[in-house]
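Pasting coords11.cif here (mmCIF, C-alpha atoms):
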```
data_model
#
loop_
_atom_site.label_atom_id
_atom_site.label_comp_id
_atom_site.auth_asym_id
_atom_site.auth_seq_id
_atom_site.Cartn_x
_atom_site.Cartn_y
_atom_site.Cartn_z
CA MET A 19 -21.27 -15.02 -14.37
CA ALA A 20 -17.66 -14.07 -13.65
CA GLN A 21 -17.02 -11.54 -10.93
CA LYS A 22 -15.75 -8.18 -12.17
CA PRO A 23 -12.29 -7.64 -10.64
CA SER A 24 -11.89 -4.50 -8.52
CA ILE A 25 -9.93 -3.05 -5.62
CA PRO A 26 -11.08 -0.81 -2.73
CA LYS A 27 -11.32 2.92 -3.40
CA GLY A 28 -8.19 4.80 -2.44
CA THR A 29 -5.89 1.86 -3.19
CA ARG A 30 -3.90 1.07 -6.33
CA ASP A 31 -2.12 -1.66 -8.27
CA PHE A 32 1.39 -0.86 -9.51
CA SER A 33 2.76 -1.99 -12.88
CA PRO A 34 6.41 -3.03 -13.35
CA LEU A 35 7.22 0.47 -14.66
CA GLU A 36 5.50 2.11 -11.70
CA MET A 37 7.32 -0.19 -9.27
CA ALA A 38 10.66 0.63 -10.88
CA ARG A 39 9.93 4.33 -10.40
CA ARG A 40 8.72 3.83 -6.83
CA ASN A 41 11.86 1.88 -5.99
CA TYR A 42 13.89 4.77 -7.42
CA ILE A 43 12.19 7.03 -4.85
CA PHE A 44 12.63 4.55 -1.99
CA ASP A 45 16.27 3.87 -2.86
CA THR A 46 17.06 7.59 -3.08
CA ILE A 47 15.46 8.33 0.28
CA ARG A 48 16.98 5.25 1.92
CA SER A 49 20.49 6.18 0.77
CA VAL A 50 20.18 9.70 2.24
CA PHE A 51 18.87 8.34 5.56
CA ALA A 52 21.89 6.04 5.74
CA LEU A 53 24.25 9.00 5.18
CA TYR A 54 23.15 10.40 8.54
CA GLY A 55 23.48 7.18 10.51
CA PHE A 56 19.84 6.06 10.62
CA ASN A 57 19.04 2.33 10.77
CA GLN A 58 15.92 0.60 9.45
CA ILE A 59 13.21 -1.09 11.50
CA GLU A 60 9.73 -2.39 10.68
CA THR A 61 6.56 -2.64 12.77
CA PRO A 62 3.35 -4.64 12.15
CA ALA A 63 0.61 -3.36 9.87
CA MET A 64 -1.81 -3.85 12.79
CA GLU A 65 -1.54 -2.32 16.25
CA ASN A 66 -3.84 -2.68 19.21
CA ILE A 67 -6.45 0.06 18.83
CA SER A 68 -5.53 1.34 22.30
CA THR A 69 -2.04 2.09 20.94
CA LEU A 70 -3.49 4.28 18.17
CA MET A 71 -6.51 6.02 19.69
CA GLY A 72 -6.08 9.49 21.15
CA LYS A 73 -2.69 10.14 19.52
CA TYR A 74 -3.82 11.92 16.33
CA GLY A 75 -6.46 14.37 17.54
CA GLU A 76 -10.18 14.09 16.99
CA GLU A 77 -9.83 14.35 13.19
CA GLY A 78 -7.23 11.59 13.02
CA ASP A 79 -9.09 9.21 15.32
CA LYS A 80 -12.05 9.30 12.92
CA LEU A 81 -9.82 8.04 10.10
CA LEU A 82 -8.54 4.89 11.82
CA PHE A 83 -9.30 1.62 10.05
CA ARG A 84 -10.46 -0.94 12.61
CA VAL A 85 -9.70 -4.63 12.11
CA GLN A 86 -12.41 -7.12 12.99
CA ASN A 87 -11.26 -9.91 15.31
CA SER A 88 -11.96 -13.48 14.21
CA GLY A 89 -11.47 -16.99 15.54
CA GLU A 90 -12.58 -18.79 18.67
CA LYS A 91 -11.47 -16.15 21.17
CA ALA A 92 -12.36 -13.11 19.06
CA ALA A 93 -14.56 -11.62 21.77
CA LEU A 94 -11.68 -11.70 24.28
CA ALA A 95 -8.95 -10.37 21.97
CA PRO A 96 -7.95 -6.68 22.10
CA GLU A 97 -9.42 -4.60 19.29
CA LYS A 98 -6.95 -3.82 16.53
CA GLY A 99 -6.48 -1.17 13.88
CA LEU A 100 -4.32 -0.60 10.81
CA ARG A 101 -1.54 1.83 11.58
CA TYR A 102 -2.37 5.48 10.77
CA ASP A 103 1.25 6.60 10.67
CA LEU A 104 4.69 5.23 11.57
CA THR A 105 5.48 7.58 14.47
CA VAL A 106 3.12 6.21 17.13
CA PRO A 107 4.12 2.58 16.38
CA PHE A 108 7.74 3.78 16.59
CA ALA A 109 7.12 5.23 20.06
CA ARG A 110 5.55 1.94 21.12
CA PHE A 111 8.57 0.09 19.66
CA VAL A 112 11.02 2.28 21.59
CA VAL A 113 9.31 1.61 24.92
CA GLN A 114 8.88 -2.10 24.26
CA HIS A 115 12.54 -2.51 23.22
CA LYS A 116 14.14 0.18 25.41
CA ASP A 117 16.65 -2.28 26.91
CA GLU A 118 17.85 -3.40 23.48
CA ILE A 119 18.48 -0.05 21.74
CA GLN A 120 21.09 2.69 22.08
CA PHE A 121 19.92 6.24 22.83
CA PRO A 122 19.81 8.57 21.01
CA PHE A 123 18.07 6.06 18.76
CA LYS A 124 18.09 6.94 15.05
CA ARG A 125 15.72 4.88 12.96
CA TYR A 126 13.93 4.96 9.64
CA GLN A 127 10.92 3.06 8.33
CA ILE A 128 9.54 2.71 4.80
CA GLN A 129 6.14 1.03 5.09
CA PRO A 130 2.48 1.52 4.13
CA VAL A 131 -0.09 3.23 6.37
CA TRP A 132 -3.88 3.36 6.12
CA ARG A 133 -6.41 6.16 6.62
CA ALA A 134 -10.18 6.05 6.10
CA ASP A 135 -10.01 9.33 4.19
CA ARG A 136 -11.95 10.53 1.15
CA PRO A 137 -9.83 9.55 -1.88
CA GLN A 138 -8.79 12.44 -4.15
CA LYS A 139 -5.77 13.67 -6.08
CA GLY A 140 -2.68 13.08 -3.98
CA ARG A 141 -4.69 11.50 -1.14
CA TYR A 142 -5.09 7.74 -0.80
CA ARG A 143 -6.42 5.32 1.78
CA GLU A 144 -3.33 3.14 1.53
CA PHE A 145 -0.01 4.85 0.97
CA TYR A 146 3.65 4.60 1.85
CA GLN A 147 5.51 6.79 4.30
CA CYS A 148 9.26 7.07 4.57
CA ASP A 149 9.90 8.13 8.17
CA VAL A 150 13.14 9.16 9.81
CA ASP A 151 13.27 9.92 13.55
CA VAL A 152 15.77 10.38 16.35
CA ILE A 153 14.58 9.86 19.91
CA GLY A 154 16.33 10.32 23.25
CA THR A 155 17.67 13.85 22.82
CA ALA A 156 16.23 17.36 22.72
CA ALA A 157 19.23 18.80 20.84
CA LEU A 158 18.22 21.10 17.98
CA THR A 159 21.05 19.70 15.86
CA CYS A 160 18.54 16.91 15.16
CA GLU A 161 16.16 19.42 13.55
CA LEU A 162 19.10 20.66 11.48
CA GLU A 163 19.89 17.12 10.29
CA LEU A 164 16.27 16.60 9.24
CA ILE A 165 16.34 19.84 7.25
CA GLN A 166 19.60 18.74 5.61
CA ILE A 167 18.02 15.38 4.76
CA VAL A 168 15.08 17.17 3.14
CA GLU A 169 17.48 19.33 1.14
CA GLU A 170 19.53 16.35 -0.07
CA VAL A 171 16.59 14.08 -0.93
CA TYR A 172 14.88 16.69 -3.09
CA ARG A 173 18.19 17.77 -4.65
CA ARG A 174 18.75 14.18 -5.78
CA LEU A 175 15.17 13.85 -7.02
CA GLY A 176 15.36 17.19 -8.85
CA ILE A 177 12.25 18.66 -7.17
CA ARG A 178 12.27 22.34 -6.18
CA VAL A 179 10.69 22.68 -2.73
CA CYS A 180 10.02 25.11 0.10
CA LEU A 181 10.21 23.98 3.72
CA HIS A 182 7.57 25.63 5.91
CA LEU A 183 8.70 25.93 9.54
CA ASN A 184 6.82 26.76 12.73
CA ASN A 185 6.85 25.80 16.41
CA ARG A 186 4.00 24.52 18.54
CA LYS A 187 5.28 26.62 21.45
CA ILE A 188 4.81 29.71 19.29
CA LEU A 189 1.25 28.59 18.57
CA ALA A 190 0.67 28.02 22.30
CA GLY A 191 1.98 31.54 22.96
CA ILE A 192 -0.36 32.95 20.32
CA ALA A 193 -3.30 31.15 21.96
CA GLU A 194 -2.31 32.72 25.28
CA VAL A 195 -2.04 36.31 24.04
CA VAL A 196 -5.35 36.21 22.17
CA GLY A 197 -7.04 35.04 25.37
CA ALA A 198 -7.67 31.43 24.35
CA ALA A 199 -4.91 29.47 26.11
CA ASP A 200 -7.27 26.57 26.75
CA ARG A 201 -8.23 26.37 23.06
CA LEU A 202 -4.83 25.50 21.54
CA THR A 203 -6.08 22.24 20.02
CA ASP A 204 -9.15 23.97 18.57
CA ILE A 205 -6.95 26.70 17.07
CA THR A 206 -4.36 24.31 15.58
CA VAL A 207 -6.94 21.93 14.11
CA ALA A 208 -8.70 24.87 12.43
CA ILE A 209 -5.76 26.90 11.14
CA ASP A 210 -4.10 23.72 9.84
CA LYS A 211 -6.82 23.84 7.16
CA LEU A 212 -6.07 27.42 6.03
CA ASP A 213 -4.47 26.43 2.73
CA LYS A 214 -7.32 24.01 2.02
CA ILE A 215 -10.48 25.96 2.94
CA GLY A 216 -9.36 29.59 3.28
CA ALA A 217 -9.41 32.15 6.09
CA GLU A 218 -13.16 32.78 6.10
CA ALA A 219 -14.02 29.11 6.59
CA VAL A 220 -11.29 28.73 9.23
CA ASN A 221 -12.66 31.69 11.18
CA ALA A 222 -16.13 30.19 10.98
CA GLU A 223 -14.78 26.90 12.34
CA LEU A 224 -12.98 28.73 15.16
CA ALA A 225 -16.27 30.36 16.13
CA GLU A 226 -18.01 26.96 16.04
CA ARG A 227 -15.30 25.61 18.34
CA GLY A 228 -16.11 28.30 20.91
CA LEU A 229 -13.50 30.99 20.28
CA SER A 230 -14.79 34.47 20.98
CA ALA A 231 -15.05 37.01 18.17
CA GLU A 232 -12.44 39.08 20.01
CA ALA A 233 -9.95 36.19 20.09
CA ILE A 234 -10.52 35.48 16.39
CA ASP A 235 -9.95 39.17 15.56
CA ARG A 236 -6.72 39.24 17.59
CA LEU A 237 -5.51 36.13 15.78
CA GLN A 238 -5.75 37.56 12.25
CA PRO A 239 -2.82 40.05 12.20
CA ILE A 240 -0.54 37.49 13.86
CA LEU A 241 -1.23 34.84 11.23
CA ASN A 242 -0.73 37.43 8.49
CA LEU A 243 2.68 38.71 9.63
CA SER A 244 4.93 39.39 6.62
CA GLY A 245 8.59 40.03 5.88
CA THR A 246 11.64 37.80 6.19
CA ASN A 247 11.85 34.97 8.69
CA ARG A 248 13.91 37.18 10.99
CA ASP A 249 11.43 40.05 10.62
CA LYS A 250 8.55 37.79 11.65
CA LEU A 251 10.47 36.50 14.67
CA THR A 252 11.29 40.09 15.75
CA ASP A 253 7.61 41.06 15.51
CA LEU A 254 6.59 37.89 17.33
CA ARG A 255 9.00 38.60 20.17
CA SER A 256 7.07 41.80 20.89
CA ILE A 257 3.63 40.21 20.42
CA LEU A 258 4.45 37.22 22.65
CA ALA A 259 6.44 39.16 25.28
CA SER A 260 4.01 38.05 28.00
CA SER A 261 4.23 34.35 27.09
CA PRO A 262 7.34 32.44 28.30
CA THR A 263 6.23 29.43 26.24
CA GLY A 264 5.90 31.52 23.09
CA LEU A 265 9.30 33.14 23.66
CA LEU A 266 10.91 29.70 24.06
CA GLY A 267 9.40 28.69 20.71
CA ILE A 268 10.87 31.82 19.10
CA SER A 269 14.29 31.05 20.60
CA GLU A 270 14.23 27.46 19.32
CA THR A 271 13.27 28.65 15.83
CA GLU A 272 16.06 31.23 15.81
CA GLN A 273 18.58 28.55 16.84
CA ILE A 274 17.43 26.23 14.05
CA LEU A 275 17.77 29.02 11.46
CA ASP A 276 21.22 29.90 12.86
CA LEU A 277 22.33 26.26 12.52
CA CYS A 278 21.10 26.24 8.92
CA ASP A 279 23.11 29.40 8.21
CA THR A 280 26.20 27.93 9.90
CA THR A 281 26.12 24.77 7.79
CA GLY A 282 25.26 26.47 4.51
CA VAL A 283 21.78 25.03 4.03
CA ARG A 284 20.46 26.41 0.74
CA LEU A 285 16.94 25.07 1.08
CA ASP A 286 14.14 27.62 0.75
CA ILE A 287 12.83 27.90 4.36
CA MET A 288 9.76 29.96 5.26
CA LEU A 289 8.53 30.70 8.77
CA ASP A 290 4.82 29.95 8.36
CA LEU A 291 2.70 30.91 11.37
CA THR A 292 -0.36 29.25 9.81
CA LEU A 293 1.41 25.88 9.90
CA ALA A 294 -0.07 23.90 12.79
CA ARG A 295 0.10 20.17 11.91
CA GLY A 296 -3.07 18.84 13.46
CA LEU A 297 -1.50 15.87 15.26
CA ASN A 298 -1.70 16.30 19.03
CA TYR A 299 1.68 14.85 19.90
CA TYR A 300 3.83 17.69 18.46
CA THR A 301 5.38 20.01 21.07
CA GLY A 302 8.17 21.95 19.36
CA ALA A 303 9.41 22.62 15.82
CA ILE A 304 7.04 21.50 13.06
CA PHE A 305 7.80 21.16 9.34
CA GLU A 306 5.99 20.78 6.06
CA VAL A 307 7.56 20.64 2.61
CA LYS A 308 5.73 21.69 -0.55
CA ALA A 309 6.76 21.33 -4.19
CA LEU A 310 7.16 24.70 -5.90
CA ASP A 311 6.24 23.61 -9.44
CA VAL A 312 3.15 21.45 -8.80
CA GLN A 313 -0.21 22.14 -7.16
CA MET A 314 -0.04 19.53 -4.42
CA GLY A 315 -0.39 19.36 -0.64
CA SER A 316 2.65 18.81 1.54
CA ILE A 317 4.98 16.04 0.37
CA THR A 318 6.97 15.85 3.61
CA GLY A 319 6.00 16.75 7.17
CA GLY A 320 6.94 16.22 10.79
CA GLY A 321 8.13 17.80 13.98
CA ARG A 322 9.35 17.55 17.58
CA TYR A 323 7.44 15.51 20.17
CA ASP A 324 8.59 15.66 23.80
CA ASN A 325 6.62 12.92 25.51
CA LEU A 326 5.05 10.56 23.01
CA THR A 327 6.68 7.57 24.69
CA GLY A 328 5.21 8.69 28.03
CA ILE A 329 1.85 7.33 26.91
CA PHE A 330 3.46 3.88 26.91
CA GLY A 331 5.21 4.28 30.28
CA LEU A 332 8.54 5.91 29.34
CA PRO A 333 8.17 9.62 30.18
CA ASP A 334 10.38 12.59 29.28
CA VAL A 335 12.00 11.12 26.17
CA SER A 336 12.10 13.74 23.45
CA GLY A 337 12.09 12.87 19.77
CA VAL A 338 11.84 14.55 16.39
CA GLY A 339 11.15 13.18 12.94
CA ILE A 340 9.82 13.75 9.46
CA SER A 341 7.91 11.66 6.98
CA PHE A 342 8.32 11.67 3.20
CA GLY A 343 5.07 10.90 1.38
CA ALA A 344 6.28 8.52 -1.33
CA ASP A 345 2.97 8.50 -3.22
CA ARG A 346 2.79 12.28 -3.49
CA ILE A 347 6.46 12.44 -4.46
CA TYR A 348 5.67 9.89 -7.18
CA ASP A 349 2.87 12.10 -8.48
CA VAL A 350 5.14 15.17 -8.48
CA LEU A 351 7.93 13.38 -10.37
CA THR A 352 5.38 12.07 -12.88
CA GLU A 353 3.76 15.46 -13.45
CA LEU A 354 7.15 17.13 -13.93
CA SER A 355 8.63 14.23 -15.99
CA LEU A 356 11.65 14.07 -13.70
CA TYR A 357 12.34 10.34 -13.71
CA PRO A 358 15.81 9.53 -15.06
CA ASP A 359 16.15 6.72 -17.57
CA LYS A 360 17.73 4.50 -14.92
CA ALA A 361 14.52 4.68 -12.86
CA ALA A 362 12.80 2.43 -15.37
CA ALA A 363 15.83 0.23 -16.04
CA GLY A 364 14.72 -3.30 -16.81
CA THR A 365 16.15 -6.14 -18.84
CA GLN A 366 19.28 -5.14 -20.78
CA VAL A 367 19.40 -8.00 -23.24
CA LEU A 368 16.99 -10.69 -24.44
CA PHE A 369 18.17 -13.93 -26.07
CA VAL A 370 16.00 -15.22 -28.90
CA THR A 371 16.60 -18.65 -30.37
CA PHE A 372 15.58 -20.86 -33.29
CA GLY A 373 15.60 -24.31 -31.64
CA GLN A 374 16.31 -26.35 -28.50
CA ASP A 375 20.07 -26.62 -29.16
CA GLU A 376 20.30 -22.85 -29.59
CA LEU A 377 18.25 -22.38 -26.41
CA ARG A 378 20.72 -24.47 -24.38
CA TYR A 379 23.61 -22.50 -25.92
CA ALA A 380 21.94 -19.23 -24.94
CA LEU A 381 21.25 -20.45 -21.39
CA ARG A 382 24.98 -20.88 -20.74
CA ILE A 383 25.80 -17.38 -22.04
CA ALA A 384 22.93 -15.81 -20.10
CA THR A 385 24.13 -17.42 -16.87
CA ALA A 386 27.59 -15.88 -17.35
CA LEU A 387 26.14 -12.44 -18.15
CA ARG A 388 24.01 -12.49 -15.00
CA ARG A 389 27.10 -13.30 -12.94
CA ASP A 390 28.60 -10.12 -14.43
CA GLY A 391 25.57 -8.10 -13.35
CA ILE A 392 23.88 -7.83 -16.76
CA ARG A 393 20.07 -8.01 -16.48
CA THR A 394 19.36 -10.83 -18.92
CA GLU A 395 16.29 -12.68 -20.17
CA ILE A 396 15.83 -15.65 -22.47
CA TYR A 397 12.60 -16.09 -24.34
CA PRO A 398 11.49 -19.39 -22.76
CA GLU A 399 10.79 -21.28 -25.99
CA PRO A 400 12.01 -21.05 -29.61
CA VAL A 401 8.77 -19.81 -31.16
CA LYS A 402 8.50 -17.63 -34.27
CA MET A 403 11.10 -14.86 -34.42
CA LYS A 404 8.42 -12.19 -34.90
CA ARG A 405 6.80 -13.11 -31.60
CA GLN A 406 10.10 -13.07 -29.71
CA MET A 407 11.11 -9.69 -31.18
CA ALA A 408 7.69 -8.23 -30.37
CA TYR A 409 8.22 -9.25 -26.76
CA ALA A 410 11.51 -7.35 -26.65
CA ASP A 411 9.90 -4.34 -28.29
CA GLN A 412 6.96 -4.23 -25.89
CA LYS A 413 9.28 -4.44 -22.87
CA HIS A 414 11.62 -1.77 -24.29
CA ILE A 415 14.61 -4.11 -24.03
CA PRO A 416 17.52 -2.27 -25.68
CA TYR A 417 19.42 -5.30 -27.04
CA VAL A 418 18.43 -8.65 -28.52
CA ALA A 419 20.97 -11.46 -28.84
CA ILE A 420 19.94 -13.77 -31.70
CA VAL A 421 21.25 -17.33 -31.63
CA GLY A 422 21.14 -19.63 -34.66
CA GLY A 423 23.28 -22.46 -36.00
CA ASN A 424 25.87 -20.10 -37.51
CA GLU A 425 26.38 -18.29 -34.21
CA MET A 426 26.76 -21.58 -32.34
CA GLU A 427 29.40 -22.71 -34.81
CA HIS A 428 31.45 -19.52 -34.41
CA GLY A 429 30.97 -19.01 -30.66
CA THR A 430 29.11 -15.73 -31.19
CA VAL A 431 25.67 -14.12 -31.07
CA MET A 432 24.03 -11.69 -33.49
CA LEU A 433 23.48 -8.61 -31.31
CA LYS A 434 20.73 -6.25 -32.44
CA ASP A 435 20.43 -2.68 -31.11
CA MET A 436 16.66 -2.23 -30.83
CA THR A 437 16.92 1.58 -30.93
CA SER A 438 18.99 1.95 -34.10
CA GLY A 439 18.03 -1.37 -35.71
CA GLN A 440 21.70 -2.15 -36.40
CA GLN A 441 23.01 -5.64 -35.74
CA ARG A 442 26.47 -7.19 -35.68
CA GLU A 443 28.06 -10.50 -34.83
CA VAL A 444 29.75 -10.37 -31.43
CA ALA A 445 32.04 -12.92 -29.77
CA ILE A 446 30.71 -14.27 -26.48
CA ASP A 447 33.62 -12.85 -24.46
CA GLN A 448 32.92 -9.37 -25.91
CA LEU A 449 29.18 -9.43 -25.37
CA LYS A 450 29.22 -7.71 -21.97
CA ASN A 451 31.25 -4.76 -23.26
CA ASN A 452 28.89 -4.29 -26.20
CA ILE A 453 25.82 -4.18 -23.97
CA LEU A 454 27.09 -1.80 -21.27
#
```

Would you give me this structure, written as structure tokens?
Amino acid sequence: MAQKPSIPKGTRDFSPLEMARRNYIFDTIRSVFALYGFNQIETPAMENISTLMGKYGEEGDKLLFRVQNSGEKAALAPEKGLRYDLTVPFARFVVQHKDEIQFPFKRYQIQPVWRADRPQKGRYREFYQCDVDVIGTAALTCELELIQIVEEVYRRLGIRVCLHLNNRKILAGIAEVVGAADRLTDITVAIDKLDKIGAEAVNAELAERGLSAEAIDRLQPILNLSGTNRDKLTDLRSILASSPTGLLGISETEQILDLCDTTGVRLDIMLDLTLARGLNYYTGAIFEVKALDVQMGSITGGGRYDNLTGIFGLPDVSGVGISFGADRIYDVLTELSLYPDKAAAGTQVLFVTFGQDELRYALRIATALRRDGIRTEIYPEPVKMKRQMAYADQKHIPYVAIVGGNEMEHGTVMLKDMTSGQQREVAIDQLKNNIL
């Protein structure tokens, strides 16, 4: 009995149309990264598990895929895991190659990552991230550039978005003033779920994590501050007056907003005090981007990390970066029908022939068209015309070049427009102009 073909839950196959659309996303993002001077690197799918563990918080560590060692010396080999994100491998890369790179180091990566998560809409176990980071400087102009990149990417893709902004120093200050300075991780892990499980469930989790009822009560009005971004920062300055760390976070946020004003950023930016980003390595500004016209989780996220490389022996090297979730962006573009026609661009012309002589004639013309950049196919054998035309129809090829004895004699092809159904005899040297 034949085995029923299947793939693991949370993974997907991609058809030619889907790949064309995915490449449209990747190419758009890649071109914007290049505008700002970022260069591409790649890292292995597997990392030593010691590289990954302890970098993502208790929730993230549970989602690591471990790779079983095999071979003669399996018992002696370090345990490995599939990468959970691209940032930790990037930090490892920076330390390992520190003598070969120029600081500040601006890099981007477009590669898959794996998480042992529960598959659901917009959440997969294997998915692509498009990361852009700069490391080796604490300058807030880097945060500005990332915001500008977000603005330009989503402008080109046609997706209306809102960028949610917060700062881990502000969150640390909040933890201090509510009397739970030693519970920052517990607070951030819990409130990071606010938009998923609601305030009541978050408060219950905070209590389970050991926060006092008094601290939870003090937290509520802070998380519910309203008004403009500047209004919230003014209120926070009073609330966090006793916390130097919190005040520094406010100052950094004000500077970022000032830089956005100075450079004319038009992106919708919202100071969101419930934004925590559960990853432990963030230390400063944090970002999440949400689509305005689709019910979907964040489609881009990131932030500042001051000492991630210190774990690997290179302390006090600050970095900041963001990650575009290509799979969620794909789902948003699909739901909103925002793909341009060029995103699915395939073969422009198909040659169909009646015999071997005609096939050889078509091969020479097709070779010349490809040299001119025309995406060209030849049906590989001169079978019945109906079958060849059906192939063109099923692949949505806009033009068919028909070659018979008459066309060979006159140095032409019969060019059929598959949309209108019209056909006309075209000289070989005019074929390119009639297809474009």

Answer key for the PyMOL selection byres ((chain A and resi 268-284) around 10), residues as number ranges by chain: A: 158-163, 165-166, 169-170, 183-185, 187-188, 191, 247-248, 250-252, 254-255, 258, 262-267, 285-287, 289, 302-304

Restricting it to C-alpha atoms, dump the selection as a short mmCIF file (atom, residue, chain, number, x, y, z; two decimals), keeping the file's coordinate frame.
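Output below, filename result.cif:
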```
data_model
loop_
_atom_site.label_atom_id
_atom_site.label_comp_id
_atom_site.auth_asym_id
_atom_site.auth_seq_id
_atom_site.Cartn_x
_atom_site.Cartn_y
_atom_site.Cartn_z
CA LEU A 158 18.22 21.10 17.98
CA THR A 159 21.05 19.70 15.86
CA CYS A 160 18.54 16.91 15.16
CA GLU A 161 16.16 19.42 13.55
CA LEU A 162 19.10 20.66 11.48
CA GLU A 163 19.89 17.12 10.29
CA ILE A 165 16.34 19.84 7.25
CA GLN A 166 19.60 18.74 5.61
CA GLU A 169 17.48 19.33 1.14
CA GLU A 170 19.53 16.35 -0.07
CA LEU A 183 8.70 25.93 9.54
CA ASN A 184 6.82 26.76 12.73
CA ASN A 185 6.85 25.80 16.41
CA LYS A 187 5.28 26.62 21.45
CA ILE A 188 4.81 29.71 19.29
CA GLY A 191 1.98 31.54 22.96
CA ASN A 247 11.85 34.97 8.69
CA ARG A 248 13.91 37.18 10.99
CA LYS A 250 8.55 37.79 11.65
CA LEU A 251 10.47 36.50 14.67
CA THR A 252 11.29 40.09 15.75
CA LEU A 254 6.59 37.89 17.33
CA ARG A 255 9.00 38.60 20.17
CA LEU A 258 4.45 37.22 22.65
CA PRO A 262 7.34 32.44 28.30
CA THR A 263 6.23 29.43 26.24
CA GLY A 264 5.90 31.52 23.09
CA LEU A 265 9.30 33.14 23.66
CA LEU A 266 10.91 29.70 24.06
CA GLY A 267 9.40 28.69 20.71
CA LEU A 285 16.94 25.07 1.08
CA ASP A 286 14.14 27.62 0.75
CA ILE A 287 12.83 27.90 4.36
CA LEU A 289 8.53 30.70 8.77
CA GLY A 302 8.17 21.95 19.36
CA ALA A 303 9.41 22.62 15.82
CA ILE A 304 7.04 21.50 13.06
#
```

Expand the PyMOL selection byres ((chain A and resi 228) around 12) into the individual residues it matches in the shown file, reporting them as a PyMOL selection string. chain A and resi 198+200-205+208+221-227+229-234

Those same residues - C-alpha atoms - I'd like them written as a PDB file, in the coordinates of the input.
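Heads up, here's the output in selection-v3.pdb:
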```pdb
ATOM      1  CA  ALA A 198      -7.670  31.430  24.350  1.00  0.00           C
ATOM      2  CA  ASP A 200      -7.270  26.570  26.750  1.00  0.00           C
ATOM      3  CA  ARG A 201      -8.230  26.370  23.060  1.00  0.00           C
ATOM      4  CA  LEU A 202      -4.830  25.500  21.540  1.00  0.00           C
ATOM      5  CA  THR A 203      -6.080  22.240  20.020  1.00  0.00           C
ATOM      6  CA  ASP A 204      -9.150  23.970  18.570  1.00  0.00           C
ATOM      7  CA  ILE A 205      -6.950  26.700  17.070  1.00  0.00           C
ATOM      8  CA  ALA A 208      -8.700  24.870  12.430  1.00  0.00           C
ATOM      9  CA  ASN A 221     -12.660  31.690  11.180  1.00  0.00           C
ATOM     10  CA  ALA A 222     -16.130  30.190  10.980  1.00  0.00           C
ATOM     11  CA  GLU A 223     -14.780  26.900  12.340  1.00  0.00           C
ATOM     12  CA  LEU A 224     -12.980  28.730  15.160  1.00  0.00           C
ATOM     13  CA  ALA A 225     -16.270  30.360  16.130  1.00  0.00           C
ATOM     14  CA  GLU A 226     -18.010  26.960  16.040  1.00  0.00           C
ATOM     15  CA  ARG A 227     -15.300  25.610  18.340  1.00  0.00           C
ATOM     16  CA  LEU A 229     -13.500  30.990  20.280  1.00  0.00           C
ATOM     17  CA  SER A 230     -14.790  34.470  20.980  1.00  0.00           C
ATOM     18  CA  ALA A 231     -15.050  37.010  18.170  1.00  0.00           C
ATOM     19  CA  GLU A 232     -12.440  39.080  20.010  1.00  0.00           C
ATOM     20  CA  ALA A 233      -9.950  36.190  20.090  1.00  0.00           C
ATOM     21  CA  ILE A 234     -10.520  35.480  16.390  1.00  0.00           C
TER      22      ILE A 234
END
```

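Here CA of Val444 in chain A stands at a distance of 19.4 Å from CA of Tyr397 in chain A.
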
Using CA of Tyr172 in chain A and CA of Asp324 in chain A as the two end points, give the distance in Å to one decimal. 27.6 Å

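Here CA of Val401 in chain A is placed at a distance of 22.9 Å from CA of His428 in chain A.
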
Which residues would end up in the selection if the PyMOL selection byres ((chain A and resi 98) around 9) were applied here, given that I need the answer as a PDB file with C-alpha atoms, in the coordinates of the input?
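File produced: result.pdb:
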```
ATOM      1  CA  MET A  64      -1.810  -3.850  12.790  1.00  0.00           C
ATOM      2  CA  GLU A  65      -1.540  -2.320  16.250  1.00  0.00           C
ATOM      3  CA  ASN A  66      -3.840  -2.680  19.210  1.00  0.00           C
ATOM      4  CA  ILE A  67      -6.450   0.060  18.830  1.00  0.00           C
ATOM      5  CA  SER A  68      -5.530   1.340  22.300  1.00  0.00           C
ATOM      6  CA  THR A  69      -2.040   2.090  20.940  1.00  0.00           C
ATOM      7  CA  LEU A  70      -3.490   4.280  18.170  1.00  0.00           C
ATOM      8  CA  PHE A  83      -9.300   1.620  10.050  1.00  0.00           C
ATOM      9  CA  ARG A  84     -10.460  -0.940  12.610  1.00  0.00           C
ATOM     10  CA  VAL A  85      -9.700  -4.630  12.110  1.00  0.00           C
ATOM     11  CA  GLN A  86     -12.410  -7.120  12.990  1.00  0.00           C
ATOM     12  CA  ASN A  87     -11.260  -9.910  15.310  1.00  0.00           C
ATOM     13  CA  ALA A  95      -8.950 -10.370  21.970  1.00  0.00           C
ATOM     14  CA  PRO A  96      -7.950  -6.680  22.100  1.00  0.00           C
ATOM     15  CA  GLU A  97      -9.420  -4.600  19.290  1.00  0.00           C
ATOM     16  CA  GLY A  99      -6.480  -1.170  13.880  1.00  0.00           C
ATOM     17  CA  LEU A 100      -4.320  -0.600  10.810  1.00  0.00           C
TER      18      LEU A 100
END
```

For Ile317 in chain A: contacts at 10 Å, all atoms listed in the file, fewer than 5 positions along chain excluded, given as a compact mmCIF listing (two decimals) with C-alpha atoms, keeping the file's coordinate frame:
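Output saved as part_9.txt:
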```txt
# COMPACT_ATOMS: atom_id res chain seq x y z
CA GLY A 140 -2.68 13.08 -3.98
CA VAL A 179 10.69 22.68 -2.73
CA GLU A 306 5.99 20.78 6.06
CA VAL A 307 7.56 20.64 2.61
CA LYS A 308 5.73 21.69 -0.55
CA ALA A 309 6.76 21.33 -4.19
CA SER A 341 7.91 11.66 6.98
CA PHE A 342 8.32 11.67 3.20
CA GLY A 343 5.07 10.90 1.38
CA ALA A 344 6.28 8.52 -1.33
CA ASP A 345 2.97 8.50 -3.22
CA ARG A 346 2.79 12.28 -3.49
CA ILE A 347 6.46 12.44 -4.46
CA TYR A 348 5.67 9.89 -7.18
CA ASP A 349 2.87 12.10 -8.48
CA VAL A 350 5.14 15.17 -8.48
```
